[in-house]
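Participant: Okay, so here is target22.cif, and as you'll see once you scroll down, it has mmCIF, C-alpha atoms.
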data_my_file
#
loop_
_atom_site.label_atom_id
_atom_site.label_comp_id
_atom_site.auth_asym_id
_atom_site.auth_seq_id
_atom_site.Cartn_x
_atom_site.Cartn_y
_atom_site.Cartn_z
CA MET P 7 -4.26 -12.82 15.71
CA ASP P 8 -3.95 -11.61 12.11
CA ALA P 9 -6.52 -8.96 11.23
CA TYR P 10 -7.51 -7.11 8.11
CA LEU P 11 -9.34 -3.80 7.99
CA ALA P 12 -10.06 -2.01 4.72
CA ARG P 13 -12.75 0.38 3.58
CA GLN P 14 -14.80 0.92 0.43
CA PRO P 15 -16.51 4.26 -0.27
CA ILE P 16 -20.26 4.67 -0.63
CA PHE P 17 -21.39 7.63 -2.74
CA ASN P 18 -24.52 9.69 -3.18
CA LYS P 19 -25.83 10.55 -6.64
CA TYR P 20 -23.52 13.58 -6.79
CA LYS P 21 -20.50 11.30 -6.31
CA LYS P 22 -19.88 12.73 -2.85
CA VAL P 23 -18.85 10.25 -0.17
CA TYR P 24 -21.75 9.34 2.11
CA GLY P 25 -19.80 6.77 4.11
CA TYR P 26 -17.50 3.75 3.99
CA GLU P 27 -18.12 0.06 4.34
CA LEU P 28 -15.51 -1.33 6.69
CA LEU P 29 -14.19 -4.70 5.58
CA TYR P 30 -12.54 -6.85 8.18
CA ARG P 31 -11.87 -10.52 8.86
CA ASP P 32 -10.04 -12.51 11.51
CA SER P 33 -8.52 -14.82 8.86
CA GLU P 34 -8.05 -15.16 5.12
CA VAL P 35 -11.42 -16.97 4.99
CA ASN P 36 -13.76 -14.30 3.71
CA CYS P 37 -16.75 -15.29 5.85
CA TYR P 38 -17.90 -15.87 9.42
CA SER P 39 -17.66 -19.53 10.35
CA CYS P 40 -18.63 -19.74 14.00
CA GLU P 41 -19.57 -17.80 17.11
CA ASP P 42 -15.93 -17.41 18.08
CA GLY P 43 -15.32 -15.86 14.66
CA ASP P 44 -18.05 -13.31 15.39
CA LYS P 45 -16.42 -12.38 18.68
CA ALA P 46 -12.99 -12.19 17.06
CA SER P 47 -14.30 -9.88 14.35
CA GLY P 48 -16.00 -7.72 16.96
CA SER P 49 -12.73 -7.47 18.85
CA VAL P 50 -10.92 -6.42 15.68
CA MET P 51 -13.42 -3.58 15.19
CA ILE P 52 -13.29 -2.40 18.77
CA ASN P 53 -9.51 -2.47 19.00
CA SER P 54 -9.08 -0.70 15.69
CA PHE P 55 -11.59 2.03 16.43
CA HIS P 56 -10.46 2.60 20.00
CA VAL P 57 -6.87 2.97 18.87
CA MET P 58 -7.57 5.17 15.84
CA GLY P 59 -10.95 6.73 16.38
CA ILE P 60 -13.80 5.89 14.04
CA ASP P 61 -13.97 9.51 12.85
CA THR P 62 -10.46 9.11 11.44
CA VAL P 63 -11.17 5.72 9.86
CA THR P 64 -14.15 7.11 7.95
CA SER P 65 -13.07 10.78 7.73
CA GLY P 66 -16.08 11.67 9.86
CA LYS P 67 -18.54 9.91 7.55
CA LYS P 68 -20.86 6.95 8.15
CA ALA P 69 -19.31 3.55 8.88
CA PHE P 70 -21.14 0.54 7.40
CA VAL P 71 -20.23 -2.53 9.45
CA ASN P 72 -21.40 -6.09 8.75
CA PHE P 73 -23.35 -7.75 11.57
CA THR P 74 -24.24 -11.42 11.94
CA ASP P 75 -27.14 -12.61 14.10
CA ASN P 76 -24.72 -13.33 16.96
CA LEU P 77 -23.28 -9.82 16.91
CA LEU P 78 -26.81 -8.38 16.83
CA LYS P 79 -28.00 -10.50 19.74
CA GLU P 80 -24.91 -9.65 21.80
CA GLY P 81 -25.60 -5.92 21.40
CA MET P 82 -22.20 -5.25 19.84
CA ALA P 83 -23.52 -2.27 17.88
CA THR P 84 -24.10 -0.15 20.99
CA LEU P 85 -20.34 -0.03 21.58
CA PHE P 86 -20.16 2.38 18.64
CA PRO P 87 -21.69 5.87 18.40
CA ASN P 88 -24.96 5.99 16.49
CA GLU P 89 -23.98 9.15 14.59
CA TYR P 90 -21.34 7.11 12.72
CA LEU P 91 -22.42 3.48 12.70
CA VAL P 92 -24.66 1.91 10.08
CA VAL P 93 -25.63 -1.60 11.19
CA GLU P 94 -25.40 -3.67 8.01
CA ILE P 95 -27.30 -6.92 8.49
CA LEU P 96 -25.84 -9.75 6.45
CA GLU P 97 -28.05 -11.76 4.10
CA THR P 98 -27.35 -14.89 6.16
CA VAL P 99 -29.19 -13.44 9.18
CA GLN P 100 -32.60 -15.07 9.73
CA PRO P 101 -35.32 -12.66 10.93
CA CYS P 102 -36.09 -14.56 14.13
CA ALA P 103 -37.78 -12.91 17.11
CA ALA P 104 -34.49 -12.21 18.91
CA VAL P 105 -32.96 -10.51 15.85
CA ILE P 106 -36.08 -8.39 15.26
CA GLU P 107 -36.13 -7.32 18.90
CA SER P 108 -32.43 -6.35 18.75
CA CYS P 109 -33.05 -4.30 15.60
CA LYS P 110 -36.01 -2.52 17.20
CA GLU P 111 -33.82 -1.55 20.15
CA LEU P 112 -31.12 -0.24 17.81
CA LYS P 113 -33.69 1.70 15.82
CA ASN P 114 -35.06 3.29 19.01
CA LYS P 115 -31.54 4.32 19.98
CA GLY P 116 -31.02 6.14 16.68
CA TYR P 117 -28.92 3.64 14.74
CA VAL P 118 -29.23 3.38 10.96
CA ILE P 119 -30.05 -0.15 9.77
CA ALA P 120 -29.09 -1.49 6.33
CA LEU P 121 -29.95 -4.86 4.76
CA ASP P 122 -27.11 -6.38 2.73
CA ASP P 123 -27.48 -8.31 -0.59
CA PHE P 124 -31.24 -7.91 -0.50
CA VAL P 125 -33.63 -10.20 -2.38
CA ILE P 126 -37.42 -9.87 -2.39
CA SER P 127 -38.95 -12.36 0.06
CA SER P 128 -42.01 -12.14 2.31
CA GLU P 129 -40.08 -13.61 5.26
CA TYR P 130 -37.99 -10.42 5.46
CA ILE P 131 -40.95 -8.01 5.80
CA SER P 132 -40.28 -7.57 9.52
CA LEU P 133 -36.71 -6.46 8.77
CA ILE P 134 -37.76 -4.32 5.81
CA GLU P 135 -40.09 -2.38 8.09
CA LEU P 136 -37.11 -1.49 10.30
CA ALA P 137 -34.58 -0.84 7.53
CA ASP P 138 -33.33 2.61 6.54
CA ILE P 139 -31.17 1.37 3.65
CA ILE P 140 -31.45 -1.66 1.38
CA LYS P 141 -28.35 -2.79 -0.54
CA VAL P 142 -28.84 -4.59 -3.85
CA ASP P 143 -26.12 -6.44 -5.78
CA PHE P 144 -26.16 -5.05 -9.33
CA LEU P 145 -23.98 -7.81 -10.73
CA ALA P 146 -26.04 -10.70 -9.37
CA THR P 147 -29.54 -9.27 -9.91
CA PRO P 148 -31.37 -9.06 -13.30
CA PRO P 149 -32.25 -5.50 -14.44
CA HIS P 150 -36.02 -6.01 -14.21
CA VAL P 151 -35.66 -7.19 -10.60
CA LEU P 152 -33.44 -4.20 -9.77
CA GLN P 153 -36.27 -1.92 -10.84
CA ALA P 154 -39.00 -4.05 -9.23
CA ILE P 155 -37.32 -3.91 -5.80
CA VAL P 156 -37.55 -0.12 -5.74
CA SER P 157 -41.10 0.10 -7.09
CA SER P 158 -42.46 -2.63 -4.81
CA LEU P 159 -41.03 -1.06 -1.63
CA ASN P 160 -41.84 2.58 -2.37
CA LYS P 161 -44.33 2.72 0.50
CA TYR P 162 -41.48 2.31 2.99
CA LYS P 163 -39.13 5.17 3.91
CA ILE P 164 -36.09 3.37 2.54
CA ARG P 165 -33.00 4.50 0.64
CA PHE P 166 -31.77 2.05 -1.96
CA LEU P 167 -28.03 1.40 -2.32
CA ALA P 168 -26.73 -0.02 -5.58
CA GLU P 169 -23.82 -2.32 -4.76
CA LYS P 170 -21.07 -3.50 -7.14
CA ILE P 171 -21.51 -0.61 -9.56
CA GLU P 172 -18.55 -1.16 -11.87
CA THR P 173 -19.30 1.15 -14.82
CA HIS P 174 -20.59 4.64 -15.45
CA GLU P 175 -23.50 3.14 -17.40
CA ALA P 176 -24.57 1.06 -14.38
CA PHE P 177 -24.32 4.17 -12.21
CA GLU P 178 -26.63 6.12 -14.54
CA ASN P 179 -29.10 3.21 -14.75
CA ALA P 180 -29.21 2.91 -10.97
CA LYS P 181 -29.94 6.62 -10.58
CA ASN P 182 -32.76 6.41 -13.13
CA TRP P 183 -34.31 3.43 -11.33
CA GLY P 184 -34.47 5.24 -7.98
CA TYR P 185 -31.24 4.27 -6.24
CA THR P 186 -29.64 7.15 -4.29
CA LEU P 187 -26.54 5.50 -2.80
CA PHE P 188 -23.83 3.67 -4.74
CA GLN P 189 -20.90 1.39 -3.99
CA GLY P 190 -18.34 -0.03 -6.39
CA TYR P 191 -15.53 0.97 -8.71
CA PHE P 192 -17.51 2.99 -11.26
CA PHE P 193 -15.27 6.01 -10.68
CA SER P 194 -12.03 4.08 -11.14
CA LYS P 195 -11.99 4.08 -14.95
CA PRO P 196 -12.56 7.11 -17.18
CA VAL P 197 -15.35 7.46 -19.68
CA ILE P 198 -13.27 7.94 -22.84
CA MET P 199 -14.80 10.31 -25.38
CA SER P 200 -13.99 10.25 -29.09
CA VAL P 201 -12.05 13.49 -28.65
CA GLN P 202 -10.96 14.44 -25.17
CA ASP P 203 -8.98 17.65 -24.81
CA VAL P 204 -7.14 18.57 -21.64
CA SER P 205 -8.10 21.99 -20.27
CA PRO P 206 -5.33 24.65 -20.26
CA LEU P 207 -5.24 24.64 -16.45
CA LYS P 208 -4.86 20.87 -16.23
CA LEU P 209 -2.25 21.03 -18.99
CA ASN P 210 -0.22 23.51 -16.92
CA TYR P 211 -0.37 21.17 -13.93
CA LEU P 212 0.75 18.26 -16.12
CA ARG P 213 3.68 20.31 -17.41
CA LEU P 214 4.68 21.14 -13.86
CA ILE P 215 4.58 17.43 -12.96
CA GLN P 216 6.71 16.74 -16.02
CA MET P 217 9.21 19.42 -15.02
CA VAL P 218 9.76 18.33 -11.40
CA ASN P 219 9.99 14.66 -12.35
CA ALA P 220 12.78 15.16 -14.87
CA ALA P 221 16.12 13.58 -13.93
CA GLU P 222 17.43 17.07 -13.18
CA PHE P 223 15.24 20.13 -12.94
CA GLU P 224 15.95 23.83 -12.62
CA PHE P 225 15.10 24.86 -9.08
CA GLU P 226 14.65 28.53 -9.97
CA GLU P 227 12.38 27.71 -12.90
CA VAL P 228 10.10 25.61 -10.68
CA ALA P 229 10.08 28.33 -8.01
CA ASP P 230 9.23 30.95 -10.63
CA ILE P 231 6.30 28.94 -12.03
CA VAL P 232 4.87 28.21 -8.60
CA SER P 233 5.30 31.83 -7.45
CA LYS P 234 3.42 33.19 -10.46
CA ASP P 235 0.46 30.85 -9.92
CA LEU P 236 -1.61 32.11 -6.99
CA SER P 237 -3.35 28.77 -6.47
CA LEU P 238 -0.10 26.79 -6.52
CA SER P 239 1.82 29.15 -4.24
CA TYR P 240 -1.08 29.39 -1.78
CA SER P 241 -1.45 25.58 -1.70
CA LEU P 242 2.29 25.05 -1.19
CA LEU P 243 2.59 27.56 1.66
CA ARG P 244 -0.57 26.31 3.35
CA MET P 245 0.72 22.76 3.18
CA MET P 246 4.21 23.64 4.42
CA ASN P 247 2.79 25.60 7.37
CA SER P 248 0.43 22.78 8.34
CA ALA P 249 0.91 20.45 11.30
CA ALA P 250 1.89 17.69 8.86
CA PHE P 251 5.33 19.31 8.48
CA GLY P 252 5.69 20.80 11.95
CA PHE P 253 8.14 23.63 11.17
CA ARG P 254 8.69 25.86 14.20
CA THR P 255 8.84 29.12 12.26
CA ARG P 256 6.29 30.22 9.69
CA ILE P 257 7.30 29.87 6.03
CA HIS P 258 6.52 33.01 4.03
CA SER P 259 7.93 32.44 0.55
CA VAL P 260 7.76 29.79 -2.17
CA ARG P 261 11.54 29.68 -2.49
CA GLN P 262 11.96 29.16 1.25
CA ALA P 263 9.45 26.31 1.11
CA LEU P 264 11.19 24.62 -1.83
CA VAL P 265 14.63 24.96 -0.23
CA LEU P 266 13.36 23.27 2.92
CA LEU P 267 11.81 20.46 0.90
CA GLY P 268 14.86 19.54 -1.19
CA SER P 269 14.77 18.03 -4.68
CA ASN P 270 13.32 14.58 -3.84
CA GLU P 271 10.56 15.99 -1.63
CA ILE P 272 9.81 18.70 -4.22
CA ARG P 273 8.93 15.95 -6.69
CA LYS P 274 6.47 14.44 -4.24
CA TRP P 275 4.79 17.53 -2.88
CA ILE P 276 4.64 19.60 -6.05
CA SER P 277 3.17 16.54 -7.79
CA LEU P 278 0.64 16.26 -4.97
CA ILE P 279 -0.42 19.90 -5.27
CA ALA P 280 -0.69 19.54 -9.04
CA ILE P 281 -2.81 16.39 -8.69
CA LYS P 282 -5.15 18.21 -6.31
CA GLY P 283 -5.38 21.05 -8.81
CA ILE P 284 -6.23 18.66 -11.65
CA GLY P 285 -8.88 17.00 -9.49
CA LYS P 286 -10.74 20.11 -8.31
CA SER P 287 -13.89 19.21 -10.23
CA ALA P 288 -13.59 15.44 -9.64
CA PRO P 289 -15.19 13.43 -6.80
CA GLU P 290 -13.21 14.06 -3.61
CA GLU P 291 -12.72 10.34 -3.03
CA ILE P 292 -10.45 10.08 -6.08
CA ILE P 293 -7.93 12.45 -4.49
CA THR P 294 -8.30 10.65 -1.15
CA THR P 295 -7.62 7.34 -2.90
CA SER P 296 -4.47 8.81 -4.48
CA LEU P 297 -3.21 10.04 -1.12
CA VAL P 298 -3.89 6.76 0.70
CA ARG P 299 -2.21 4.74 -2.06
CA ALA P 300 0.80 7.08 -2.16
CA ARG P 301 1.37 6.89 1.58
CA PHE P 302 0.68 3.13 1.72
CA LEU P 303 3.22 2.37 -1.00
CA GLU P 304 5.79 4.75 0.46
CA GLN P 305 5.49 3.18 3.92
CA LEU P 306 5.57 -0.30 2.42
CA SER P 307 8.82 0.60 0.69
CA VAL P 308 10.43 1.48 4.03
CA ILE P 309 10.72 -2.27 4.58
CA PHE P 310 13.17 -2.38 1.66
CA HIS P 311 15.36 0.47 2.98
CA ASN P 312 15.78 2.15 -0.43
CA PRO P 313 15.20 5.95 -0.47
CA LEU P 314 14.78 6.05 -4.27
CA TYR P 315 12.23 3.27 -4.06
CA HIS P 316 10.29 5.33 -1.46
CA GLU P 317 9.90 8.14 -3.97
CA HIS P 318 8.90 5.83 -6.82
CA CYS P 319 6.27 4.16 -4.66
CA PHE P 320 4.81 7.45 -3.44
CA LEU P 321 4.50 8.81 -6.98
CA THR P 322 3.05 5.53 -8.27
CA GLY P 323 0.22 5.78 -5.77
CA LEU P 324 -0.25 9.49 -6.37
CA PHE P 325 -0.44 9.10 -10.17
CA SER P 326 -2.65 5.99 -10.05
CA THR P 327 -5.88 7.95 -10.61
CA LEU P 328 -4.61 10.34 -13.28
CA ASP P 329 -6.64 8.55 -15.95
CA VAL P 330 -9.82 9.19 -13.97
CA LEU P 331 -8.95 12.82 -13.18
CA ILE P 332 -8.07 13.71 -16.77
CA ASN P 333 -10.47 11.28 -18.46
CA ARG P 334 -7.85 9.83 -20.78
CA PRO P 335 -6.07 6.45 -20.96
CA MET P 336 -3.18 6.14 -18.54
CA ASP P 337 -0.61 5.22 -21.20
CA GLU P 338 -1.38 8.42 -23.14
CA ILE P 339 -0.98 10.58 -20.04
CA LEU P 340 2.28 8.97 -18.98
CA LYS P 341 3.79 9.66 -22.41
CA GLU P 342 3.36 13.37 -21.69
CA ILE P 343 5.13 13.47 -18.32
CA ALA P 344 8.76 12.57 -17.76
CA ILE P 345 8.54 10.05 -14.94
CA ASP P 346 10.75 7.09 -14.16
CA ASN P 347 10.23 3.92 -16.19
CA ASP P 348 9.69 1.95 -12.97
CA ILE P 349 6.57 4.04 -12.26
CA ILE P 350 5.29 3.68 -15.82
CA GLU P 351 5.81 -0.10 -15.73
CA ALA P 352 4.02 -0.30 -12.37
CA LEU P 353 0.98 1.71 -13.48
CA ILE P 354 0.57 0.13 -16.93
CA ASP P 355 1.62 -3.49 -16.38
CA LYS P 356 1.95 -3.76 -12.57
CA GLY P 357 5.48 -4.88 -13.34
CA GLY P 358 8.58 -4.84 -11.17
CA ALA P 359 8.74 -4.47 -7.39
CA THR P 360 6.82 -1.18 -7.50
CA GLY P 361 4.12 -2.84 -9.61
CA MET P 362 3.78 -5.67 -7.11
CA ALA P 363 3.39 -3.14 -4.31
CA TYR P 364 0.75 -1.31 -6.37
CA GLU P 365 -1.09 -4.57 -6.98
CA LEU P 366 -1.05 -5.19 -3.23
CA ILE P 367 -2.88 -1.95 -2.39
CA LEU P 368 -5.41 -2.61 -5.17
CA ALA P 369 -6.10 -6.09 -3.76
CA TYR P 370 -6.38 -4.67 -0.25
CA GLU P 371 -8.89 -2.02 -1.35
CA LYS P 372 -11.08 -4.75 -2.86
CA ALA P 373 -10.73 -6.96 0.23
CA ASP P 374 -9.18 -9.72 -1.89
CA TRP P 375 -7.45 -11.26 1.11
CA ASP P 376 -6.21 -14.33 -0.74
CA ARG P 377 -4.29 -12.15 -3.19
CA VAL P 378 -3.04 -9.96 -0.32
CA SER P 379 -1.61 -13.05 1.38
CA ASP P 380 -0.01 -14.29 -1.85
CA LEU P 381 1.69 -10.95 -2.51
CA CYS P 382 2.91 -10.65 1.08
CA GLU P 383 4.46 -14.09 0.72
CA LEU P 384 6.18 -13.02 -2.52
CA PHE P 385 7.52 -9.90 -0.80
CA GLY P 386 8.68 -12.01 2.13
CA PHE P 387 7.07 -10.12 5.00
CA ASP P 388 4.34 -10.87 7.52
CA LYS P 389 0.87 -10.05 6.19
CA SER P 390 -0.15 -8.63 9.56
CA VAL P 391 2.04 -5.60 8.76
CA VAL P 392 -0.19 -4.63 5.83
CA THR P 393 -3.19 -3.58 7.91
CA ASP P 394 -1.01 -1.39 10.13
CA ILE P 395 0.42 0.33 7.05
CA TYR P 396 -3.02 0.79 5.50
CA ILE P 397 -4.53 2.27 8.67
CA GLU P 398 -1.55 4.62 9.03
CA ALA P 399 -2.02 5.72 5.40
CA VAL P 400 -5.72 6.44 5.96
CA THR P 401 -4.90 8.42 9.12
CA TRP P 402 -2.10 10.33 7.40
CA SER P 403 -4.23 11.32 4.40
CA TYR P 404 -7.11 12.39 6.64
CA LYS P 405 -4.85 14.59 8.79
CA LEU P 406 -3.09 16.04 5.75
CA GLU P 407 -6.35 17.06 4.11
CA CYS P 408 -7.64 18.49 7.38
CA ASP P 409 -4.44 20.50 7.89
CA ILE P 410 -4.42 21.84 4.33
CA HIS P 411 -8.08 22.89 4.48
CA ALA P 412 -8.02 24.15 8.06
#
Take the structure I supplied and represent it as structure tokens, if you would.
Facilitator:
Amino acid sequence: MDAYLARQPIFNKYKKVYGYELLYRDSEVNCYSCEDGDKASGSVMINSFHVMGIDTVTSGKKAFVNFTDNLLKEGMATLFPNEYLVVEILETVQPCAAVIESCKELKNKGYVIALDDFVISSEYISLIELADIIKVDFLATPPHVLQAIVSSLNKYKIRFLAEKIETHEAFENAKNWGYTLFQGYFFSKPVIMSVQDVSPLKLNYLRLIQMVNAAEFEFEEVADIVSKDLSLSYSLLRMMNSAAFGFRTRIHSVRQALVLLGSNEIRKWISLIAIKGIGKSAPEEIITTSLVRARFLEQLSVIFHNPLYHEHCFLTGLFSTLDVLINRPMDEILKEIAIDNDIIEALIDKGGATGMAYELILAYEKADWDRVSDLCELFGFDKSVVTDIYIEAVTWSYKLECDIHA
């Protein structure tokens, strides 16, 4: 059976990740069509979480999982720990007696209950009384209704989640109207100011990225720059001594670390450290997104057995959020760093093989399964491979961040 499993972050008002909605289907059809489909989807969840561990899938945060009436009645939710799972009841679920009773049992057992794509209707009062979170579609709902939902339900102890927040303006409006959780791509594009200077520290990191991505770079010059920057040298040594690399003897110097890496790996890992430095004041999910994309594209490129392509793909994913981190248009940033034209073409126009791979991860993140299938067909590989690569990338990024911050 082909299965898809992706995740979309849910933020609090401080842009910190509260949890992830897990997006899965048993086919390219982006809906549940029958009872067997419910059971198949449940099996996908169970198998995925038992193999990986739900704490790894969501980095220890809440997991929002869609539930139909059949999954609720079958008690599927109790197979997952209540400290992680948020039972997200789909808008198609009718609040019949059996569903209400199942929700009461879940509530008594400590599960968080969310109502998806909420619309005001008296028939849902029984579910509203049990709900902890109500999700409202900001693209499909008029502004006056968005505000009315919050004001009319203030007497209930409910948190309101603004879904499909695509712009910074929508994010600010939602906060002002009383929403405290947010889901969408509002962080994926920068808010461009009339004049946007790059801080000296970020400029130094950009210059370092430019240096290591030159066709040929001076090893000693890179080692000297890293050694003189306490933050860079500390980050490099911590990373190199982490379980992610698994060296038997402890690495004590920057030069030793760089020698062990070699020129191609230096480009990747110095760029990674610089990206993390640039993103210190940015929402943590932006760096996580960069890491997952970098690993996903690198692992995808293994199929093509081209070492140079591996590096290009990794850096494409890593650099894909630079515009958000620096708050400037991507084309302006890329003019300032000497990276390969393949990477520039991929990030700006999604052109070439690297660009197609980049488009694939973007489609996967948005759960656009039709586009995922089309791109897999163009690449000429089985689409079932994509989920395995994505899950491995999520696991890898989670372990890397844990090792570095341990």
Participant: Would you mind listing what lies within 9 Å of Asn88 (chain P) as a list of chain:residue names, with all atoms listed in the file counted and same-chain residues fewer than 4 positions away left out?
Facilitator: P:Ala83, P:Thr84, P:Val92, P:Leu112, P:Lys115, P:Gly116, P:Tyr117, P:Val118
Participant: Using only C-alpha atoms, which of the listed residues (P:Leu243, P:Leu91, P:Ala288, P:Leu152) sits closest to Ile126 (chain P)?
Facilitator: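 Of P:Leu243, P:Leu91, P:Ala288, P:Leu152, the one nearest Ile126 (chain P) is P:Leu152, counting only C-alpha atoms.
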Participant: Pick out the residues sitting within 12 Å of Tyr240 (chain P), and hand them over as a list in words; count all atoms listed in the file, and ignore anything fewer than 5 positions along from it in its own chain.
Facilitator: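 My reading of the contact set: Val232, Ser233, Lys234, Asp235, Met245, Met246, Asn247, Ile257, His258, Ser259, Val260, Ala263, Ile279, Gly283, Ile410 and His411 of chain P.
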Participant: Can you write just those residues out, C-alpha atoms, as a PDB file, in the coordinates of the input?
Facilitator:
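The new file again.pdb reads:
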ATOM      1  CA  VAL P 232       4.870  28.210  -8.600  1.00  0.00           C
ATOM      2  CA  SER P 233       5.300  31.830  -7.450  1.00  0.00           C
ATOM      3  CA  LYS P 234       3.420  33.190 -10.460  1.00  0.00           C
ATOM      4  CA  ASP P 235       0.460  30.850  -9.920  1.00  0.00           C
ATOM      5  CA  MET P 245       0.720  22.760   3.180  1.00  0.00           C
ATOM      6  CA  MET P 246       4.210  23.640   4.420  1.00  0.00           C
ATOM      7  CA  ASN P 247       2.790  25.600   7.370  1.00  0.00           C
ATOM      8  CA  ILE P 257       7.300  29.870   6.030  1.00  0.00           C
ATOM      9  CA  HIS P 258       6.520  33.010   4.030  1.00  0.00           C
ATOM     10  CA  SER P 259       7.930  32.440   0.550  1.00  0.00           C
ATOM     11  CA  VAL P 260       7.760  29.790  -2.170  1.00  0.00           C
ATOM     12  CA  ALA P 263       9.450  26.310   1.110  1.00  0.00           C
ATOM     13  CA  ILE P 279      -0.420  19.900  -5.270  1.00  0.00           C
ATOM     14  CA  GLY P 283      -5.380  21.050  -8.810  1.00  0.00           C
ATOM     15  CA  ILE P 410      -4.420  21.840   4.330  1.00  0.00           C
ATOM     16  CA  HIS P 411      -8.080  22.890   4.480  1.00  0.00           C
TER      17      HIS P 411
END
Participant: When distances are computed from all atoms listed in the file, which of P:Ala373, P:Val330, P:Ile95, P:Cys319 shows the smallest separation from Gly358 (chain P)?
Facilitator: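 Among the listed residues, P:Cys319 lies closest to Gly358 (chain P).
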Participant: Taking the file above as input, evaluate the PyMOL selection byres ((chain P and resi 322) around 9) and report the hits as a list in words.
Facilitator: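 Evaluating the PyMOL selection byres ((chain P and resi 322) around 9) on these coordinates yields Arg299, Ala300, Leu303, Glu317, His318, Cys319, Phe320, Leu321, Gly323, Leu324, Phe325, Ser326, Asp348, Ile349, Ile350, Ala352, Leu353, Thr360, Gly361 and Tyr364 of chain P.
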Participant: Expressed in Å to a single decimal, how great is the separation between CA of Tyr24 (chain P) and CA of Lys68 (chain P)?
Facilitator: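 Computing it gives 6.6 Å between the two atoms.
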Participant: Counting all atoms listed in the file, what is within 12 Å of Val298 (chain P), bar same-chain residues fewer than 5 positions away, as an MDAnalysis selection string?
Facilitator: chainID P and resid 12:13 63 278 291:293 303:306 319:327 364 367:368 370:371 395:407
Participant: Considering only C-alpha atoms, state which residue in the set P:Asp61, P:Asp138, P:Glu107, P:Glu226 is at the smallest distance from Pro87 (chain P).
Facilitator: P:Asp61
Participant: So which one's closest to Ile215 (chain P), P:Glu80, P:Arg273, P:Val151, P:Asn72? Using all atoms listed in the file, please.
Facilitator: P:Arg273
Participant: Please determine, counting only C-alpha atoms, which residue among P:Cys109, P:Ile276, P:Cys408, P:Val308 has the shortest atom-to-atom distance to Ser248 (chain P).
Facilitator: P:Cys408
Participant: Please compute the CA of Lys163 (chain P)-CA of Lys21 (chain P) distance, one decimal, in Å.
Facilitator: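 These two atoms are separated by 22.1 Å.
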Participant: Quick one: apply the PyMOL selection byres ((chain P and resi 172) around 6) to the file and drop the selected residues here as a VMD selection string.
Facilitator: chain P and resid 170 to 171 173 190 to 192
Participant: Since we have the selection now, will you write its residues out, keeping C-alpha atoms, as a PDB file, in the coordinates of the input?
Facilitator:
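Full text of selection28.pdb as output:
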ATOM      1  CA  LYS P 170     -21.070  -3.500  -7.140  1.00  0.00           C
ATOM      2  CA  ILE P 171     -21.510  -0.610  -9.560  1.00  0.00           C
ATOM      3  CA  THR P 173     -19.300   1.150 -14.820  1.00  0.00           C
ATOM      4  CA  GLY P 190     -18.340  -0.030  -6.390  1.00  0.00           C
ATOM      5  CA  TYR P 191     -15.530   0.970  -8.710  1.00  0.00           C
ATOM      6  CA  PHE P 192     -17.510   2.990 -11.260  1.00  0.00           C
TER       7      PHE P 192
END
Participant: Please expand the PyMOL selection byres ((chain P and resi 130) around 12) into the concrete residues it hits in this file, giving the result as a ChimeraX atom specification.
Facilitator: /P:95,97-103,105-106,121-122,124-129,131-137,140
Participant: Could you put an axis-aligned box around every listed atom of region 222-239 of chain P, padded by 8 Å on each side, and send me its centre and edge lengths in Å to one decimal, as JSON?
Facilitator:
{"center_x": 7.0, "center_y": 25.1, "center_z": -8.7, "size_x": 36.8, "size_y": 32.1, "size_z": 24.9}
Participant: What is the distance between CA of Ile272 (chain P) and CA of Glu338 (chain P), in Å to one decimal?
Facilitator: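 Distance between the two atoms: 24.3 Å.
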Participant: Give the answer as one residue: which of P:Ala120, P:Gly81, P:Ser237, P:Ala280 has the shortest atom-to-atom distance to Ala104 (chain P), using all atoms listed in the file?
Facilitator: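 Of all the options, P:Gly81 lies closest to Ala104 (chain P).
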